[in-house]
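The structure file model_28.cif is reproduced below (mmCIF, C-alpha atoms).
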```
data_upload
loop_
_atom_site.label_atom_id
_atom_site.label_comp_id
_atom_site.auth_asym_id
_atom_site.auth_seq_id
_atom_site.Cartn_x
_atom_site.Cartn_y
_atom_site.Cartn_z
CA MET A 1 -1.30 -21.11 -61.87
CA ALA A 2 -2.82 -17.68 -62.08
CA ARG A 3 -2.81 -15.93 -65.40
CA GLU A 4 -3.50 -12.33 -66.17
CA ARG A 5 -5.72 -12.05 -69.19
CA ASP A 6 -9.16 -13.50 -69.84
CA GLU A 7 -8.25 -14.21 -73.50
CA ASP A 8 -5.95 -16.98 -72.28
CA PHE A 9 -9.01 -19.08 -71.46
CA PRO A 10 -11.21 -21.15 -73.70
CA PHE A 11 -14.25 -20.09 -71.70
CA GLN A 12 -15.14 -17.12 -69.52
CA PRO A 13 -13.93 -17.24 -65.93
CA LEU A 14 -16.60 -17.62 -63.29
CA ASN A 15 -17.31 -14.72 -61.01
CA GLY A 16 -18.14 -15.85 -57.52
CA MET A 17 -19.44 -13.97 -54.53
CA VAL A 18 -16.80 -13.32 -51.91
CA LEU A 19 -18.03 -14.05 -48.43
CA ASP A 20 -16.50 -10.96 -46.83
CA ASP A 21 -17.49 -8.51 -44.17
CA GLN A 22 -18.97 -5.89 -46.47
CA ALA A 23 -21.81 -7.59 -48.33
CA ARG A 24 -25.05 -8.18 -46.38
CA LEU A 25 -27.66 -10.92 -46.70
CA SER A 26 -31.34 -11.02 -45.77
CA LEU A 27 -32.83 -13.87 -43.76
CA ASN A 28 -34.27 -15.35 -46.96
CA GLU A 29 -30.96 -15.20 -48.77
CA LEU A 30 -29.12 -16.79 -45.87
CA CYS A 31 -31.69 -19.63 -45.70
CA GLU A 32 -31.40 -20.21 -49.43
CA ILE A 33 -27.61 -20.19 -49.55
CA CYS A 34 -27.29 -22.53 -46.57
CA ASN A 35 -30.29 -24.64 -47.59
CA ILE A 36 -31.81 -24.56 -44.09
CA SER A 37 -34.98 -23.30 -42.45
CA ALA A 38 -35.52 -19.89 -40.86
CA GLU A 39 -36.23 -21.72 -37.56
CA THR A 40 -32.70 -23.09 -37.55
CA ILE A 41 -31.34 -19.61 -38.19
CA LEU A 42 -33.44 -18.30 -35.29
CA ASP A 43 -31.96 -20.97 -33.00
CA MET A 44 -28.47 -19.88 -34.03
CA ILE A 45 -29.29 -16.23 -33.29
CA GLU A 46 -30.62 -17.29 -29.87
CA GLU A 47 -27.32 -19.03 -29.28
CA GLY A 48 -25.36 -15.91 -30.19
CA LEU A 49 -23.76 -17.71 -33.13
CA LEU A 50 -25.22 -15.17 -35.56
CA GLU A 51 -25.61 -11.46 -34.91
CA PRO A 52 -27.77 -9.84 -37.59
CA GLN A 53 -28.16 -6.09 -37.76
CA GLY A 54 -31.72 -4.70 -37.62
CA ARG A 55 -34.59 -5.27 -35.23
CA ALA A 56 -37.31 -7.32 -36.91
CA PRO A 57 -36.62 -10.48 -38.94
CA VAL A 58 -37.60 -8.70 -42.19
CA GLU A 59 -34.96 -6.06 -41.50
CA TRP A 60 -32.24 -8.47 -40.48
CA ARG A 61 -28.99 -8.22 -42.39
CA PHE A 62 -26.34 -10.88 -41.97
CA ARG A 63 -22.68 -10.52 -42.72
CA CYS A 64 -21.41 -12.86 -45.40
CA TYR A 65 -18.89 -14.59 -43.16
CA GLU A 66 -21.88 -15.79 -41.13
CA VAL A 67 -22.65 -18.18 -44.02
CA ARG A 68 -19.53 -20.05 -43.05
CA ARG A 69 -20.51 -20.09 -39.37
CA VAL A 70 -23.87 -21.62 -40.29
CA GLN A 71 -22.28 -24.25 -42.51
CA VAL A 72 -19.62 -25.23 -39.99
CA ALA A 73 -22.25 -25.41 -37.24
CA MET A 74 -24.42 -27.71 -39.38
CA ARG A 75 -21.49 -29.99 -40.23
CA LEU A 76 -20.25 -30.20 -36.65
CA GLN A 77 -23.73 -31.11 -35.43
CA GLN A 78 -24.18 -33.72 -38.11
CA ASP A 79 -20.72 -35.28 -38.05
CA LEU A 80 -19.73 -35.04 -34.39
CA ARG A 81 -23.17 -35.12 -32.76
CA VAL A 82 -22.52 -31.96 -30.76
CA ASN A 83 -25.54 -29.80 -29.98
CA LEU A 84 -25.88 -26.18 -31.06
CA PRO A 85 -24.27 -24.60 -27.94
CA GLY A 86 -21.35 -27.03 -28.36
CA ALA A 87 -20.98 -26.13 -32.04
CA ALA A 88 -21.08 -22.40 -31.15
CA LEU A 89 -18.34 -22.90 -28.58
CA ILE A 90 -16.18 -24.84 -31.06
CA ILE A 91 -16.61 -22.14 -33.70
CA ASP A 92 -15.64 -19.37 -31.26
CA LEU A 93 -12.53 -21.31 -30.21
CA LEU A 94 -11.59 -22.11 -33.82
CA GLU A 95 -11.80 -18.44 -34.76
CA GLU A 96 -9.65 -17.52 -31.78
CA LEU A 97 -7.14 -20.17 -32.84
CA GLU A 98 -7.05 -18.83 -36.43
CA GLU A 99 -6.52 -15.32 -35.10
CA LEU A 100 -3.60 -16.48 -32.95
CA ARG A 101 -2.06 -18.49 -35.80
CA ARG A 102 -2.21 -15.46 -38.06
CA ARG A 103 -0.21 -13.41 -35.55
CA ILE A 104 2.67 -15.89 -35.39
CA MET B 1 -8.64 -53.32 -56.03
CA GLU B 2 -6.80 -52.90 -52.77
CA TYR B 3 -7.88 -54.47 -49.53
CA LYS B 4 -8.71 -51.98 -46.78
CA ASP B 5 -7.99 -52.85 -43.18
CA TYR B 6 -10.84 -51.09 -41.39
CA TYR B 7 -9.67 -52.27 -37.97
CA LYS B 8 -6.29 -50.68 -38.52
CA GLY B 9 -8.01 -47.53 -39.79
CA LEU B 10 -9.79 -47.13 -36.47
CA GLY B 11 -6.81 -48.38 -34.45
CA VAL B 12 -8.68 -51.29 -32.83
CA GLU B 13 -8.09 -55.03 -32.62
CA ARG B 14 -10.08 -57.43 -34.77
CA ASP B 15 -11.90 -58.73 -31.69
CA ALA B 16 -12.82 -55.25 -30.40
CA GLY B 17 -16.33 -54.87 -28.98
CA GLN B 18 -18.94 -52.60 -30.62
CA ASP B 19 -18.56 -50.06 -27.79
CA GLU B 20 -14.82 -49.90 -28.28
CA ILE B 21 -15.25 -49.38 -32.03
CA LYS B 22 -17.74 -46.59 -31.40
CA ARG B 23 -15.39 -44.85 -28.97
CA ALA B 24 -12.43 -45.16 -31.34
CA TYR B 25 -14.48 -43.76 -34.21
CA ARG B 26 -15.82 -40.80 -32.23
CA LYS B 27 -12.38 -39.87 -30.97
CA LEU B 28 -10.85 -39.98 -34.47
CA ALA B 29 -13.81 -38.15 -36.00
CA ARG B 30 -13.27 -35.25 -33.59
CA LYS B 31 -9.57 -35.24 -34.32
CA PHE B 32 -9.80 -35.29 -38.12
CA HIS B 33 -12.99 -33.32 -38.75
CA PRO B 34 -12.04 -31.02 -41.65
CA ASP B 35 -13.56 -27.98 -39.95
CA VAL B 36 -11.40 -28.58 -36.89
CA ASN B 37 -8.20 -30.03 -38.34
CA LYS B 38 -6.42 -27.79 -40.82
CA ALA B 39 -4.03 -30.46 -42.15
CA ALA B 40 -4.25 -30.97 -45.90
CA ASP B 41 -5.17 -34.66 -45.60
CA ALA B 42 -7.71 -34.22 -42.78
CA GLU B 43 -10.71 -34.55 -45.09
CA LYS B 44 -9.32 -37.75 -46.61
CA ARG B 45 -8.65 -39.25 -43.19
CA PHE B 46 -12.09 -38.22 -41.97
CA LYS B 47 -13.72 -40.01 -44.91
CA GLU B 48 -11.58 -43.10 -44.39
CA ILE B 49 -12.53 -43.48 -40.75
CA GLY B 50 -16.17 -42.80 -41.69
CA GLU B 51 -16.00 -45.63 -44.20
CA ALA B 52 -14.37 -47.98 -41.68
CA TYR B 53 -17.04 -47.19 -39.10
CA GLU B 54 -19.83 -47.60 -41.64
CA VAL B 55 -18.78 -51.25 -41.97
CA LEU B 56 -17.69 -52.10 -38.44
CA LYS B 57 -20.65 -50.53 -36.61
CA ASP B 58 -23.07 -52.81 -38.47
CA PRO B 59 -22.81 -56.41 -37.16
CA GLU B 60 -23.95 -57.88 -40.50
CA LYS B 61 -21.44 -55.93 -42.59
CA ARG B 62 -18.73 -56.54 -40.04
CA ALA B 63 -19.31 -60.30 -40.13
CA ALA B 64 -19.19 -60.34 -43.93
CA TYR B 65 -16.08 -58.20 -43.93
CA ASP B 66 -14.41 -60.48 -41.37
CA ARG B 67 -15.19 -63.51 -43.50
CA ILE B 68 -13.27 -62.20 -46.53
CA GLY B 69 -10.54 -60.42 -44.63
CA THR B 70 -8.70 -63.01 -42.58
CA GLY B 71 -4.96 -62.80 -43.19
CA LEU B 72 -5.07 -59.85 -45.62
CA LYS B 73 -3.00 -56.69 -45.20
CA GLU B 74 -3.85 -53.04 -45.91
CA GLY B 75 -3.26 -52.21 -49.60
CA GLN B 76 -2.94 -55.84 -50.67
CA GLU B 77 -4.43 -56.72 -54.07
CA PHE B 78 -7.87 -58.14 -53.49
CA ARG B 79 -10.79 -59.74 -55.36
CA PRO B 80 -13.89 -60.76 -53.43
CA PRO B 81 -14.83 -64.41 -53.90
CA PRO B 82 -18.09 -64.81 -55.85
CA ASP B 83 -20.07 -66.20 -52.92
CA TRP B 84 -18.61 -63.91 -50.25
CA ASN B 85 -21.90 -62.29 -49.26
CA THR B 86 -24.25 -65.27 -49.30
CA GLY B 87 -26.34 -65.26 -46.20
CA PHE B 88 -26.09 -61.51 -45.62
CA GLU B 89 -28.53 -58.78 -46.54
CA PHE B 90 -27.38 -55.18 -46.68
CA SER B 91 -30.41 -53.41 -48.00
CA GLY B 92 -31.00 -51.61 -44.72
CA GLY B 93 -28.51 -49.17 -43.23
CA GLY B 94 -25.45 -47.76 -44.84
CA TYR B 95 -25.12 -45.16 -47.55
CA THR B 96 -27.68 -43.08 -45.77
CA ASP B 97 -25.56 -40.03 -46.39
CA ALA B 98 -25.47 -38.99 -50.04
CA SER B 99 -22.17 -37.22 -49.40
CA GLY B 100 -20.39 -40.44 -48.40
CA HIS B 101 -18.14 -41.22 -51.34
CA PHE B 102 -16.52 -44.42 -50.27
CA SER B 103 -13.59 -46.31 -51.75
CA ASP B 104 -13.82 -48.79 -54.64
CA PHE B 105 -13.22 -51.50 -52.07
CA PHE B 106 -16.29 -50.44 -50.10
CA GLU B 107 -18.46 -50.06 -53.17
CA GLU B 108 -17.48 -53.44 -54.52
CA LEU B 109 -18.57 -55.03 -51.26
CA PHE B 110 -21.51 -52.96 -50.06
CA GLY B 111 -22.23 -50.21 -52.54
CA ARG B 112 -24.62 -51.58 -55.11
CA SER B 113 -27.77 -51.67 -53.04
CA GLY B 114 -27.15 -48.07 -51.98
CA MET B 115 -27.05 -46.87 -55.57
CA GLY B 116 -30.26 -48.66 -56.43
CA ARG B 117 -31.94 -46.76 -53.68
CA SER B 118 -30.75 -43.35 -54.68
CA PHE B 119 -32.11 -44.04 -58.17
CA HIS B 120 -35.41 -45.00 -56.60
CA VAL B 121 -35.61 -41.66 -54.78
CA ARG B 122 -35.26 -39.83 -58.07
CA ARG B 123 -38.16 -41.75 -59.56
CA ASP B 124 -40.36 -40.80 -56.62
CA GLY B 125 -40.21 -37.25 -57.89
CA ILE B 126 -38.54 -35.72 -54.88
CA ARG B 127 -36.92 -32.47 -55.95
CA ALA B 128 -33.93 -31.38 -53.93
CA LYS B 129 -30.98 -29.05 -54.25
CA GLY B 130 -27.66 -30.80 -54.82
CA GLU B 131 -24.93 -31.04 -52.25
CA ASP B 132 -22.66 -28.06 -51.58
CA HIS B 133 -19.02 -28.79 -52.37
CA ARG B 134 -15.94 -27.27 -50.81
CA ALA B 135 -12.43 -26.83 -52.14
CA LYS B 136 -9.30 -24.99 -51.11
CA ILE B 137 -6.96 -23.07 -53.36
CA MET B 138 -3.53 -21.65 -52.71
CA ILE B 139 -2.80 -18.32 -54.36
CA ASP B 140 0.07 -15.86 -54.24
CA LEU B 141 -0.27 -12.56 -52.36
CA GLU B 142 0.23 -10.85 -55.72
CA ASP B 143 -2.91 -12.60 -57.03
CA SER B 144 -4.94 -10.93 -54.31
CA PHE B 145 -3.22 -7.59 -54.85
CA ASN B 146 -3.69 -7.53 -58.64
CA GLY B 147 -6.69 -9.82 -59.06
CA ALA B 148 -6.25 -12.95 -61.13
CA VAL B 149 -7.94 -15.88 -62.81
CA GLN B 150 -7.06 -19.32 -61.56
CA THR B 151 -7.83 -22.68 -63.11
CA ILE B 152 -8.80 -25.39 -60.68
CA THR B 153 -9.61 -29.03 -61.27
CA LEU B 154 -11.80 -30.91 -58.82
CA GLN B 155 -12.65 -34.58 -58.69
CA VAL B 156 -16.43 -34.79 -58.51
CA THR B 157 -18.75 -37.74 -58.16
CA GLU B 158 -21.66 -37.67 -60.58
CA VAL B 159 -24.48 -40.07 -61.34
CA ASP B 160 -24.35 -40.99 -65.03
CA GLY B 161 -27.25 -41.94 -67.33
CA THR B 162 -27.39 -45.52 -66.07
CA GLY B 163 -27.49 -44.53 -62.40
CA ARG B 164 -23.85 -45.43 -61.76
CA MET B 165 -21.61 -43.19 -59.71
CA VAL B 166 -18.55 -42.03 -61.62
CA VAL B 167 -15.70 -39.78 -60.55
CA GLN B 168 -14.90 -37.14 -63.14
CA PRO B 169 -12.49 -34.21 -63.26
CA HIS B 170 -14.28 -30.87 -63.30
CA THR B 171 -12.21 -27.88 -64.44
CA LEU B 172 -13.20 -24.32 -63.66
CA ASN B 173 -11.71 -20.90 -64.24
CA VAL B 174 -12.33 -18.81 -61.19
CA ARG B 175 -11.80 -15.10 -60.94
CA ILE B 176 -9.83 -14.17 -57.84
CA PRO B 177 -11.18 -10.76 -56.86
CA LYS B 178 -8.75 -8.03 -55.86
CA GLY B 179 -8.15 -7.79 -52.15
CA ILE B 180 -9.39 -11.23 -51.18
CA MET B 181 -8.09 -12.17 -47.74
CA GLU B 182 -6.79 -15.44 -46.45
CA GLY B 183 -9.55 -17.64 -45.08
CA GLN B 184 -12.27 -16.00 -47.15
CA SER B 185 -14.44 -18.14 -49.37
CA ILE B 186 -15.70 -17.53 -52.87
CA ARG B 187 -19.18 -18.91 -53.47
CA LEU B 188 -19.88 -20.15 -56.98
CA ALA B 189 -23.62 -20.67 -57.24
CA GLU B 190 -24.74 -24.00 -58.74
CA GLN B 191 -21.24 -25.37 -59.32
CA GLY B 192 -21.63 -28.07 -56.66
CA GLY B 193 -23.22 -31.51 -56.72
CA GLN B 194 -26.04 -32.58 -59.03
CA GLY B 195 -29.57 -31.82 -57.89
CA PHE B 196 -32.15 -34.57 -57.43
CA GLY B 197 -35.34 -34.85 -59.43
CA GLY B 198 -34.61 -31.73 -61.47
CA GLY B 199 -33.56 -29.68 -58.45
CA PRO B 200 -30.78 -27.09 -58.84
CA ARG B 201 -27.12 -27.99 -58.40
CA GLY B 202 -25.52 -27.28 -55.03
CA ASP B 203 -22.99 -24.49 -54.64
CA LEU B 204 -19.22 -24.61 -54.65
CA TYR B 205 -17.28 -22.82 -51.92
CA ILE B 206 -13.63 -22.14 -52.58
CA GLU B 207 -11.58 -21.22 -49.56
CA VAL B 208 -8.53 -19.11 -50.25
CA ALA B 209 -5.12 -19.51 -48.62
CA PHE B 210 -1.86 -17.76 -49.48
CA HIS B 211 1.41 -19.41 -50.40
CA PRO B 212 4.12 -18.30 -47.98
CA HIS B 213 5.74 -15.19 -49.47
CA ARG B 214 9.48 -14.56 -49.67
CA LEU B 215 9.14 -11.08 -48.16
CA PHE B 216 5.65 -10.35 -46.95
CA ARG B 217 3.20 -11.73 -44.44
CA ALA B 218 -0.50 -10.82 -44.53
CA ASP B 219 -2.78 -10.17 -41.57
CA LYS B 220 -6.20 -9.61 -43.09
CA ARG B 221 -5.56 -6.73 -45.53
CA ASP B 222 -2.40 -5.50 -43.78
CA ILE B 223 1.00 -6.54 -45.06
CA TYR B 224 4.05 -6.97 -42.83
CA LEU B 225 7.64 -6.66 -43.96
CA GLU B 226 10.79 -6.97 -41.89
CA LEU B 227 13.27 -4.32 -43.05
CA PRO B 228 16.97 -4.60 -42.17
CA VAL B 229 18.59 -1.21 -41.42
CA THR B 230 22.03 -0.11 -40.27
CA PRO B 231 22.56 1.39 -36.81
CA TRP B 232 23.33 4.81 -38.33
CA GLU B 233 20.16 4.75 -40.47
CA ALA B 234 18.16 4.00 -37.32
CA ALA B 235 19.99 6.55 -35.15
CA LEU B 236 20.31 9.44 -37.59
CA GLY B 237 17.28 8.86 -39.76
CA ALA B 238 17.37 8.08 -43.48
CA THR B 239 15.28 7.66 -46.60
CA VAL B 240 15.40 4.06 -47.81
CA THR B 241 13.78 2.11 -50.64
CA VAL B 242 11.21 -0.43 -49.50
CA PRO B 243 9.49 -3.15 -51.56
CA THR B 244 5.67 -3.21 -51.48
CA LEU B 245 3.20 -5.38 -53.41
CA GLY B 246 2.67 -2.44 -55.75
CA GLY B 247 6.40 -1.85 -56.39
CA LYS B 248 9.24 -0.01 -54.71
CA VAL B 249 8.58 3.12 -52.65
CA ASP B 250 10.80 5.49 -50.67
CA MET B 251 10.24 5.57 -46.94
CA LYS B 252 11.55 7.92 -44.28
CA ILE B 253 13.05 6.37 -41.19
CA PRO B 254 12.80 8.94 -38.38
CA PRO B 255 15.94 9.67 -36.33
CA GLY B 256 16.20 7.70 -33.11
CA SER B 257 14.41 4.60 -34.42
CA GLN B 258 14.86 1.26 -32.69
CA SER B 259 14.83 -2.36 -33.74
CA GLY B 260 11.27 -3.73 -33.72
CA GLN B 261 9.74 -0.33 -34.37
CA LYS B 262 6.77 -0.44 -36.74
CA LEU B 263 6.38 2.15 -39.49
CA ARG B 264 3.19 2.40 -41.51
CA LEU B 265 2.85 2.86 -45.25
CA LYS B 266 -0.79 3.87 -45.55
CA ASN B 267 -2.95 2.04 -48.11
CA LYS B 268 -0.03 -0.05 -49.39
CA GLY B 269 -1.65 -3.31 -48.24
CA LEU B 270 -4.25 -5.39 -50.05
CA PRO B 271 -6.87 -3.31 -51.88
CA GLY B 272 -10.47 -3.10 -50.69
CA LYS B 273 -13.19 -0.64 -49.77
CA THR B 274 -10.75 0.31 -47.04
CA ALA B 275 -7.35 -0.77 -48.30
CA GLY B 276 -4.90 -2.37 -45.90
CA ASP B 277 -1.63 -0.78 -44.83
CA GLN B 278 1.90 -2.06 -45.11
CA PHE B 279 3.72 -2.22 -41.80
CA VAL B 280 7.48 -2.11 -41.97
CA VAL B 281 9.17 -3.59 -38.92
CA LEU B 282 12.72 -2.32 -38.50
CA LYS B 283 15.49 -4.75 -37.72
CA VAL B 284 18.80 -3.12 -36.86
CA VAL B 285 21.68 -5.16 -38.27
CA VAL B 286 24.95 -4.75 -36.44
CA PRO B 287 27.98 -4.46 -38.75
CA PRO B 288 30.65 -7.08 -38.01
CA ALA B 289 33.76 -5.92 -36.15
CA ASP B 290 36.03 -7.67 -38.61
CA SER B 291 38.86 -5.18 -38.93
CA GLU B 292 40.99 -3.22 -36.52
CA ALA B 293 39.41 0.05 -37.74
CA ALA B 294 35.90 -1.33 -37.11
CA LYS B 295 36.82 -2.53 -33.65
CA GLU B 296 38.27 0.89 -32.89
CA ILE B 297 34.96 2.54 -33.80
CA TYR B 298 33.00 0.21 -31.50
CA ARG B 299 35.42 0.92 -28.64
CA LYS B 300 35.04 4.63 -29.28
CA MET B 301 31.25 4.28 -29.21
CA ALA B 302 31.51 2.61 -25.81
CA ASP B 303 33.58 5.55 -24.57
CA VAL B 304 31.54 8.37 -26.09
CA MET B 305 28.04 7.04 -25.45
CA PRO B 306 28.08 4.53 -22.62
CA MET B 307 24.66 3.02 -21.92
CA ASN B 308 23.05 0.12 -20.08
CA PRO B 309 20.28 -1.30 -22.32
CA ARG B 310 19.38 -3.72 -19.48
CA SER B 311 18.61 -1.13 -16.81
CA ALA B 312 14.88 -1.93 -17.03
CA LEU B 313 15.72 -5.54 -16.13
CA GLY B 314 17.26 -4.39 -12.87
CA VAL B 315 20.74 -5.61 -13.76
#
```

Produce structure tokens that represent the structure in this file.
Amino acid sequence: MARERDEDFPFQPLNGMVLDDQARLSLNELCEICNISAETILDMIEEGLLEPQGRAPVEWRFRCYEVRRVQVAMRLQQDLRVNLPGAALIIDLLEELEELRRRI
Amino acid sequence: MEYKDYYKGLGVERDAGQDEIKRAYRKLARKFHPDVNKAADAEKRFKEIGEAYEVLKDPEKRAAYDRIGTGLKEGQEFRPPPDWNTGFEFSGGGYTDASGHFSDFFEELFGRSGMGRSFHVRRDGIRAKGEDHRAKIMIDLEDSFNGAVQTITLQVTEVDGTGRMVVQPHTLNVRIPKGIMEGQSIRLAEQGGQGFGGGPRGDLYIEVAFHPHRLFRADKRDIYLELPVTPWEAALGATVTVPTLGGKVDMKIPPGSQSGQKLRLKNKGLPGKTAGDQFVVLKVVVPPADSEAAKEIYRKMADVMPMNPRSALGV
């Protein structure tokens, strides 16, 4: 269970990066984190799955929650053999479902 | 070692055709995919049906499996006979996916050639980042409000010095940052699977969920609380004490409030760049008419302030 003080631990706690809506990632960072090519990212932008801010690819800034969208899209394509538009549709519907569940 | 009934796992008969097995697998894979199915055991089920399909889709493996399996039941104690696989060759196919951690039963029967190959890849000098791992943790709302450190233990599969795959517990202390919301993930760089050929480790993603709270419900950074009030507090207005994650506060109920009305305590939700609010939903509790004096008051209310709360319903 959660404990309050760092001294309770034999080694320092790890600080992770929270994938929230405030931090921003460049195209390079997104490719590195997700371990995929820029071409794949471009396909996902074409599909409307990702919506970076900025005009040119060097200026693009992605929201951190888009990391999760990329990862889920990759897994769905690999595991269920859906294509990218299918994965995008599933992700949109899953997010809608989560939103509805939260309101209950 | 326990025998695994792969036919039962996919819900097909032992004489099912390859097409039928494929259809059964695809249907179950959609149903139990961990990104789609939020049940706690979805990932386990997904792996089990993946393992069953890995064997049954391949006519050679299926034939070998059928040969040892006649008359055995799921979970039954099992030792493969020494000559069980004579006449079969499994070097091709199977174990193509490095993330497929199959059961002891599977590895005893089919696994060894797969491991030999992964060792071979390492010797070829291919350098690749390790697999990303995922885990879920349940925390209390208070952990998000105050920040916390949580210890988690994961079962991870590693390749040891002799090239064997071993499952080991991996314990981590993870800082839970203040204001983390349900569904958000924490990325811990290079805490995932081993890299290949000197490549970096994969990353670990920890998805956060909240334990149900006795009083509060969270919607993103906003906190909801249902607050019982008396009819006179609602009608006349009152100052009442309200619990929040940060402790008790006094809140003014305006006169003429109704059940279901939502009052906002600004910035009393989960902390963040823009902190959430606490919404207090009023619930008027009607005092029981359990004495003659109480009944008299209700009758008097009916006389003094008659009303039809159903007029909007047209009745």

field: Residue neighbourhood A:Pro57, 10 Å, only C-alpha atoms, exclusion window fewer than 2 positions, as an NGL selection string
entry: :A and (26-28 or 38 or 42 or 52-55 or 59-61)

task: List, as a PyMOL selection string, every residue that the PyMOL selection byres ((chain B) within 7 of (chain A)) selects in the file provided.
output: chain B and resi 29-30+35+148-151+173-175+184-188+219

- prompt: Between atom CA of A:Thr40 and atom CA of B:Lys47, what is the distance, to one decimal in Å?
  reply: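 Here the two named atoms are 26.5 Å from each other.
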
- prompt: Any chance you could work out the residue set of the PyMOL selection byres ((chain B and resi 190-192) around 9) here, as JSON, numbers by chain?
  reply: {"B": [130, 131, 132, 133, 134, 156, 187, 188, 189, 193, 194, 195, 200, 201, 202, 203, 204, 205]}

Would you export the selected residues with C-alpha atoms as an mmCIF file, keeping the file's coordinate frame, please?
```cif
data_model
loop_
_atom_site.group_PDB
_atom_site.id
_atom_site.type_symbol
_atom_site.label_atom_id
_atom_site.label_comp_id
_atom_site.auth_asym_id
_atom_site.auth_seq_id
_atom_site.Cartn_x
_atom_site.Cartn_y
_atom_site.Cartn_z
ATOM 1 C CA GLY B 130 -27.660 -30.800 -54.820
ATOM 2 C CA GLU B 131 -24.930 -31.040 -52.250
ATOM 3 C CA ASP B 132 -22.660 -28.060 -51.580
ATOM 4 C CA HIS B 133 -19.020 -28.790 -52.370
ATOM 5 C CA ARG B 134 -15.940 -27.270 -50.810
ATOM 6 C CA VAL B 156 -16.430 -34.790 -58.510
ATOM 7 C CA ARG B 187 -19.180 -18.910 -53.470
ATOM 8 C CA LEU B 188 -19.880 -20.150 -56.980
ATOM 9 C CA ALA B 189 -23.620 -20.670 -57.240
ATOM 10 C CA GLY B 193 -23.220 -31.510 -56.720
ATOM 11 C CA GLN B 194 -26.040 -32.580 -59.030
ATOM 12 C CA GLY B 195 -29.570 -31.820 -57.890
ATOM 13 C CA PRO B 200 -30.780 -27.090 -58.840
ATOM 14 C CA ARG B 201 -27.120 -27.990 -58.400
ATOM 15 C CA GLY B 202 -25.520 -27.280 -55.030
ATOM 16 C CA ASP B 203 -22.990 -24.490 -54.640
ATOM 17 C CA LEU B 204 -19.220 -24.610 -54.650
ATOM 18 C CA TYR B 205 -17.280 -22.820 -51.920
#
```
